[in-house]
Structures are given as structure tokens and as C-alpha cells.
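Colleague: Have a look at this one.
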Amino acid sequence: MTSELLILICQTAVVYLLVLGMHSLRRRTGLSLFYALLGGLTAIMSWVTDAGLSVHVGGVTFVVGSTVFYTALLLGVFVVYVFDGPLSARTAILGVAVVSTLTPLVSAFLHLQAWAAGSRLLPFIPTPSLRINAASVAATLVDMVFLAVAWEYLGRPRIHRWLRVYLTLLGVLCLDVVLFNTGAFAGTGSFLTIVQGTLISRVSMSVVALPFLLVYLEWQSRWKGEAIENRPVLAILRQVAKIEAELSRAQVEIELRKAAERQRDETIRELRQALSEVKTLRGLLPICSRCKRIRDDSGYWNRIETYIRDHTDARFTHGICPDCARELYPDVPIDPE
């Protein structure tokens with residue numbers, strides 16, 4: 001193993017761990033520092049790519065900018081989409097796109113300023129290529145959107161997580177090979193050779209990145225309790241997931257309100273039924289001390305049974321008490337019961 005390859009492997013591991021580690025701190029620090037890290041890595045990627053820094057191993061060329069830093073950006077967008085949702089992922093993608101656009105522009109303006117001042121071109125600032133950088137920005141945007149779409153699409157057949165992760169990474173990296181190289185080198189004599197070499201390097205990087213991503217997903221979901229949601233395939237492009245969640249919450253709220261209304265209506269019905277069955281006399285009743293008639297609200301004196309009949313649901317049935325029976329019928333024997 002050459003020293004160049006060893007340095008490349010160590011550099012890749014450090015950058016991957018830096019991205020995943022910063023994302024793991026989002027519950028404490030928020031996503032702002034994570035976005036800032038992605039922006040810094042994007043600038044470094046653009047700068048190193050324009051400088052042409054690469055490592056040659058066994059006939060395969062690994063461009064450091066796209067091999068190390070671009071795949072790290074993919075991992076960053078991947079985890080922020082999986083755990084933080086489409087809105088956070090779109091913010092990360094937009095930040096990467098903006099920095100990818102500004103970095104070569106800054107380099108171009110610095111060279112222009114040096115030329116205007118009569119100085120020679122700045123050797124420590126790489127000269128940007130408009131075609132290569134435009135192809136890089138366009139391919140990056142498409143790749144990162146495709147990453148989210150592929151992840152959701154591959155989640156529908158219920159395949160194993162490691163295979164879902166690998167196929168997503170491999171699909172994005174292969175798509176990038178086609179998009180970037182077509183935009184940057186189509187029409188040149190070395191186009192097919194570049195495509196072949198880039199494809200081999202990207203497939204190799206998908207194998208390298210897979211264990212980092214799998215371990216992080218397992219750690220966050222199993223040990224940290226972070227949910228991995230199944231979202232609509234085009235959730236990255238629109239607010240479908242958010243709208244569906246809001247509709248679900250609204251539906252639950254509506255059902256709860258309907259249940260409360262049904263309970264209220266049932267209670268009202270029971271109370272009305274109770275009121276219809278029970279009438280109670282309240283207050284002071286004017287009653288004659290001799291004949292026991294009761295005066296109503298109109299001033300009329302009513303027999304007690306008439307008044308109670310009119311003001312309650314009670315009805316009278318007539319009989320005779322033992323005392324009255326002995327007084328009225330002294331010759332008739334009275335049953336004590």
C-alpha cells in the first residue's frame with residue numbers, strides 16, 4: 001500500500017467521521033454548525049478539484065475533491081434527510097449549491113484582480129474552469145435530490161437496510177459519473193476513459209462509505225431512539241410529508257372532537273330524559289291549616305291532590321286509613337295491615 005493511498009484512506013475516514021459526528025450533535029447545537037461544515041467541505045471540494053489533486057492506484061485515478069469531499073457531502077445530506085426530514089435536507093442541498101457556485105467565482109475574481117493589478121496569476125489559487133464547475137453544481141443538485149428519491153423508492157419493497165443504503169449510494173454515485181462527466185468532458189477525446197476511471201473510483205468509494213453510514217444509522221436509530229420514517233418518494237421536492245402529517249393530526253383532532261360531541265349529546269339526552277321523568281316541588285307552599293288546600297300562583301285554592309297532580313308526574317289512588325275507617329265504620333273489623 002503506497003503512502004498516497006494510505007493518506008487518502010485516513011483522510012476519507014477523518015472527513016466522514018467529522019460529518020457524521022457533527023450531525024450527531026444536532027440535538028445540542030442545532031443544525032447550523034452542521035450546515036456550516038457542509039459549506040466548508042463544499043468549498044474545499046471545489047478548490048481541491050480545480051487544483052487537480054489526485055491519487056493513482058493500480059491504474060485507477062482517485063480525484064481527491066470528488067472522492068473524499070463529495071462523498072462526505074453525500075453522507076451529510078443522506079443522514080440529514082433520513083433523520084431530520086425533507087426541509088432540512090433541502091436547506092443543506094441549497095447551501096452546498098450556493099457554496100459550489102460562489103467558490104469558483106471568488107477564485108475567478110481574485111485572478112481577475114491580480115491581472116488588473118499587473119501581477120502574475122496567483123499560483124496558490126487554482127484557476128477555475130467554467131464548464132467543469134457548472135457541470136459540478138448541476139450534477140450535485142441532481143445527485144442529492146436523487147439520493148432522497150432513491151432512498152424512499154427502495155424502502156417500498158421492504159429490502160434489508162444495508163442493501164437499501166448501498167443501492168442508494170451506488171445509484172447516486174453512478175448517476176454523478178454520467179451527469180458530471182457528460183457536462184464537463186463530453187466531446188473530448190478522453191471522455192470514455194474518464195468515465196471508466198471515474199466509475200471504478202466511485203464504486204470503490206461506495207464500498208468504503210457503506211460501513212460508516214450503516215453504523216451511524218444503526219447507532220442513531222437503535223441506541224439514540226431516532227426514527228427512520230418512510231416518506232413519499234418525492235417528499236424532497238415538496239411538502240407532501242409535512243402536509244400528510246398535519247392532515248393526520250387534524251384527522252385525529254376531528255375524531256376526538258366528534259367523540260366529545262357524541263358524549264356531550266348523550267349526556268344531554270340522559271339529562272333531558274331524567275328531567276322528563278322527575279319533577280320536584282320546591283319553595284314555600286301556602287296551605288290551609290284546616291282544609292289543607294294549597295294556593296297556586298293564580299290565587300286559587302286547590303285540593304292537595306289536584307295541586308300535586310298538576311305540578312308533578314305523581315298520580316293519586318284513593319283508599320282509607322285505619323283511623324278513619326274505625327271512625328266511619330265502627331262495626332266493620334279493621335285489618336291492621
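In the C-alpha cells, chains take the letters A, B, ... in the order shown, each chain's residues start at 1, and ligands count up from 1 in the order shown.
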Quick one: pick out all strand (DSSP E) residues within segment 44-74 of chain A from a backbone DSSP run and write them as a VMD selection string.
Modeller: chain A and resid 54 to 57 60 to 63
Colleague: I want to know what sits within 8 Å of segment 55-66 of chain A, based on only C-alpha atoms, with residues of the same chain fewer than 6 positions away left out; could you give that as a list of chain:residue names?
Modeller: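 Those residues are A:Glu4, A:Leu5, A:Leu8, A:Ile44, A:Met45, A:Ser46, A:Trp47, A:Val48, A:Thr49, A:Gly197, A:Thr198, A:Ile200, A:Ser201.
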Colleague: How many Å lie between atom CA of Leu102 of chain A and atom CA of Gly40 of chain A, rounded to one decimal?
Modeller: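 Answer for the atom CA of Leu102 of chain A to atom CA of Gly40 of chain A separation: 11.8 Å.
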Colleague: Excluding same-chain residues fewer than 2 positions from segment 109-113 of chain A, what lies within 10 Å of it counting only C-alpha atoms, as a ChimeraX atom specification?
Modeller: /A:104-107,115-123,125-128
Colleague: Write out the residues from the selection above, keeping C-alpha atoms, as an mmCIF file, in the first residue's frame.
Modeller:
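Done, and the output landed in part.cif:
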```cif
data_model
loop_
_atom_site.group_PDB
_atom_site.id
_atom_site.type_symbol
_atom_site.label_atom_id
_atom_site.label_comp_id
_atom_site.auth_asym_id
_atom_site.auth_seq_id
_atom_site.Cartn_x
_atom_site.Cartn_y
_atom_site.Cartn_z
ATOM 1 C CA PRO A 104 -15.059 29.295 -8.334
ATOM 2 C CA LEU A 105 -16.470 32.808 -8.763
ATOM 3 C CA VAL A 106 -14.286 34.046 -5.904
ATOM 4 C CA SER A 107 -11.269 32.348 -7.473
ATOM 5 C CA TRP A 115 -4.392 40.536 -13.708
ATOM 6 C CA ALA A 116 -5.785 44.058 -13.417
ATOM 7 C CA ALA A 117 -3.044 44.932 -10.932
ATOM 8 C CA GLY A 118 -0.413 43.738 -13.386
ATOM 9 C CA SER A 119 0.577 40.769 -11.243
ATOM 10 C CA ARG A 120 1.080 37.281 -12.496
ATOM 11 C CA LEU A 121 -1.656 34.744 -11.845
ATOM 12 C CA LEU A 122 -1.864 33.629 -8.258
ATOM 13 C CA PRO A 123 -0.175 30.203 -8.147
ATOM 14 C CA ILE A 125 -5.325 29.816 -6.089
ATOM 15 C CA PRO A 126 -6.450 27.302 -8.733
ATOM 16 C CA THR A 127 -7.862 28.700 -11.927
ATOM 17 C CA PRO A 128 -11.496 27.591 -12.174
#
```
Colleague: Just checking: using only C-alpha atoms, which residue out of A:Gln273, A:Thr306, A:Thr2, A:Asn181 ends up closest to Ile194 of chain A?
Modeller: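 Among A:Gln273, A:Thr306, A:Thr2, A:Asn181, it is A:Asn181 that comes nearest to Ile194 of chain A.
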Colleague: Write out as a PyMOL selection string each polymer residue whose atoms come within 10 Å of Asn230 of chain A, counting only C-alpha atoms; drop sequence neighbours fewer than 5 positions from it.
Modeller: chain A and resi 82+151-153+155-156+241
Colleague: Residues within 12 Å of Leu214 of chain A, please, as a list in words. Count only C-alpha atoms; anything in the same chain fewer than 6 positions from it doesn't count.
Modeller: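 Selected residues are Leu20, Leu75, Phe78, Val79, His160, Arg161, Trp162, Leu163, Arg164, Val165, Tyr166, Leu169, Ser206, Val207, Val208, Gln220, Ser221 and Arg222 of chain A.
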Colleague: Take the selection from the previous step and output its residues with C-alpha atoms, as a PDB file, in the first residue's frame.
Modeller:
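Dumped everything to selection.pdb:
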```
ATOM      1  CA  LEU A  20     -21.363  12.179  10.978  1.00  0.00           C
ATOM      2  CA  LEU A  75     -23.296  11.229   3.551  1.00  0.00           C
ATOM      3  CA  PHE A  78     -28.185  11.445   3.420  1.00  0.00           C
ATOM      4  CA  VAL A  79     -28.297  11.474   7.219  1.00  0.00           C
ATOM      5  CA  HIS A 160     -32.819  -5.129   4.112  1.00  0.00           C
ATOM      6  CA  ARG A 161     -31.462  -1.817   5.356  1.00  0.00           C
ATOM      7  CA  TRP A 162     -27.836  -2.434   4.343  1.00  0.00           C
ATOM      8  CA  LEU A 163     -28.878  -3.243   0.780  1.00  0.00           C
ATOM      9  CA  ARG A 164     -31.165  -0.213   0.672  1.00  0.00           C
ATOM     10  CA  VAL A 165     -28.296   2.020   1.836  1.00  0.00           C
ATOM     11  CA  TYR A 166     -25.784   0.548  -0.599  1.00  0.00           C
ATOM     12  CA  LEU A 169     -25.253   5.284  -2.556  1.00  0.00           C
ATOM     13  CA  SER A 206     -19.487   3.373  -2.263  1.00  0.00           C
ATOM     14  CA  VAL A 207     -17.988   0.265  -0.648  1.00  0.00           C
ATOM     15  CA  VAL A 208     -15.821   2.404   1.636  1.00  0.00           C
ATOM     16  CA  GLN A 220     -28.912   6.741  15.802  1.00  0.00           C
ATOM     17  CA  SER A 221     -31.995   4.555  15.335  1.00  0.00           C
ATOM     18  CA  ARG A 222     -31.340   1.819  17.888  1.00  0.00           C
TER      19      ARG A 222
END
```
Colleague: Counting only C-alpha atoms, figure out which residue out of A:Val142, A:Leu87, A:Leu167, A:Leu41 gets nearest to Val19 of chain A.
Modeller: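 Counting only C-alpha atoms, the residue closest to Val19 of chain A is A:Leu41.
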Colleague: So that I can see what lies close to Ser136 of chain A, please list as a ChimeraX atom specification the residues with an atom at most 9 Å from it, counting only C-alpha atoms and leaving out residues fewer than 2 positions away in the same chain.
Modeller: /A:46,100,131-134,138-141,176,179-181,183-184
Colleague: Which one is closest to Thr12 of chain A: A:Leu73, A:Ala150, A:Arg262, A:Lys292? Count only C-alpha atoms.
Modeller: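 Closest to Thr12 of chain A of all the choices is A:Leu73.
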Colleague: Would you please extract all helix (DSSP H, G or I) residues from segment 48-85 of chain A, as assigned by DSSP on the backbone, and give them as a PyMOL selection string?
Modeller: chain A and resi 48-51+64-84
Colleague: Take the residues that were just selected and, keeping N, CA and C atoms, output them as a compact mmCIF listing (two decimals), in the first residue's frame.
Modeller:
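In the end it all went to result34.txt:
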```txt
# COMPACT_ATOMS: atom_id res chain seq x y z
N VAL A 48 -9.99 21.93 -4.24
CA VAL A 48 -9.09 20.80 -4.49
C VAL A 48 -9.32 20.22 -5.88
N THR A 49 -10.59 20.19 -6.32
CA THR A 49 -10.88 19.66 -7.66
C THR A 49 -10.26 20.54 -8.73
N ASP A 50 -10.41 21.87 -8.57
CA ASP A 50 -9.80 22.78 -9.55
C ASP A 50 -8.28 22.68 -9.54
N ALA A 51 -7.71 22.34 -8.39
CA ALA A 51 -6.25 22.20 -8.31
C ALA A 51 -5.77 20.92 -8.97
N VAL A 64 -9.13 13.63 -5.45
CA VAL A 64 -9.36 13.81 -4.01
C VAL A 64 -10.62 14.62 -3.74
N GLY A 65 -10.86 15.65 -4.54
CA GLY A 65 -12.03 16.50 -4.31
C GLY A 65 -13.33 15.74 -4.39
N SER A 66 -13.50 14.97 -5.47
CA SER A 66 -14.75 14.25 -5.65
C SER A 66 -14.79 12.95 -4.87
N THR A 67 -13.61 12.35 -4.65
CA THR A 67 -13.58 11.06 -3.95
C THR A 67 -13.84 11.22 -2.46
N VAL A 68 -13.16 12.14 -1.83
CA VAL A 68 -13.26 12.30 -0.38
C VAL A 68 -14.38 13.26 -0.01
N PHE A 69 -14.30 14.48 -0.51
CA PHE A 69 -15.20 15.52 -0.02
C PHE A 69 -16.60 15.42 -0.62
N TYR A 70 -16.69 15.02 -1.87
CA TYR A 70 -18.02 14.89 -2.45
C TYR A 70 -18.81 13.76 -1.79
N THR A 71 -18.18 12.61 -1.57
CA THR A 71 -18.90 11.52 -0.91
C THR A 71 -19.24 11.88 0.53
N ALA A 72 -18.40 12.68 1.19
CA ALA A 72 -18.73 13.15 2.54
C ALA A 72 -19.97 14.04 2.52
N LEU A 73 -20.09 14.89 1.49
CA LEU A 73 -21.29 15.71 1.36
C LEU A 73 -22.52 14.85 1.13
N LEU A 74 -22.36 13.79 0.34
CA LEU A 74 -23.49 12.88 0.13
C LEU A 74 -23.93 12.24 1.46
N LEU A 75 -22.95 11.81 2.25
CA LEU A 75 -23.30 11.23 3.55
C LEU A 75 -24.02 12.24 4.42
N GLY A 76 -23.56 13.50 4.39
CA GLY A 76 -24.19 14.53 5.20
C GLY A 76 -25.63 14.77 4.80
N VAL A 77 -25.88 14.91 3.50
CA VAL A 77 -27.25 15.11 3.03
C VAL A 77 -28.09 13.87 3.31
N PHE A 78 -27.47 12.71 3.17
CA PHE A 78 -28.19 11.45 3.42
C PHE A 78 -28.72 11.41 4.84
N VAL A 79 -27.86 11.61 5.82
CA VAL A 79 -28.30 11.47 7.22
C VAL A 79 -29.23 12.60 7.64
N VAL A 80 -29.03 13.80 7.11
CA VAL A 80 -29.93 14.89 7.50
C VAL A 80 -31.31 14.69 6.89
N TYR A 81 -31.37 14.06 5.74
CA TYR A 81 -32.68 13.76 5.16
C TYR A 81 -33.38 12.64 5.93
N VAL A 82 -32.63 11.59 6.25
CA VAL A 82 -33.24 10.43 6.92
C VAL A 82 -33.77 10.81 8.31
N PHE A 83 -32.98 11.57 9.07
CA PHE A 83 -33.34 11.83 10.46
C PHE A 83 -34.01 13.18 10.69
N ASP A 84 -33.82 14.14 9.80
CA ASP A 84 -34.35 15.49 10.05
C ASP A 84 -35.39 15.95 9.04
```
Colleague: Suppose you want the space between atom CA of Val203 of chain A and atom CA of Leu170 of chain A; what is it in Å?
Modeller: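 Interatomic distance here is 6.6 Å.
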Colleague: By how many Å are atom CA of Ala209 of chain A and atom CA of Gly85 of chain A apart?
Modeller: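 Taking atom CA of Ala209 of chain A as the start and atom CA of Gly85 of chain A as the end point, the length is 21.4 Å.
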Colleague: Considering only C-alpha atoms, can you say which of A:Val332, A:Pro86, A:Thr317, A:Thr193 comes closest to Glu229 of chain A?
Modeller: A:Pro86
Colleague: From the list A:Thr168, A:Phe124, A:Met144, A:Ala97, which residue is nearest Leu210 of chain A when using only C-alpha atoms?
Modeller: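 Under the stated criterion, the closest residue is A:Thr168.
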Colleague: So, with only C-alpha atoms as the atoms that count, which of A:Leu217, A:Cys10, A:Val137, A:Ala114 lies closest to His23 of chain A?
Modeller: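 Ranked by minimum distance to His23 of chain A, first place goes to A:Leu217.
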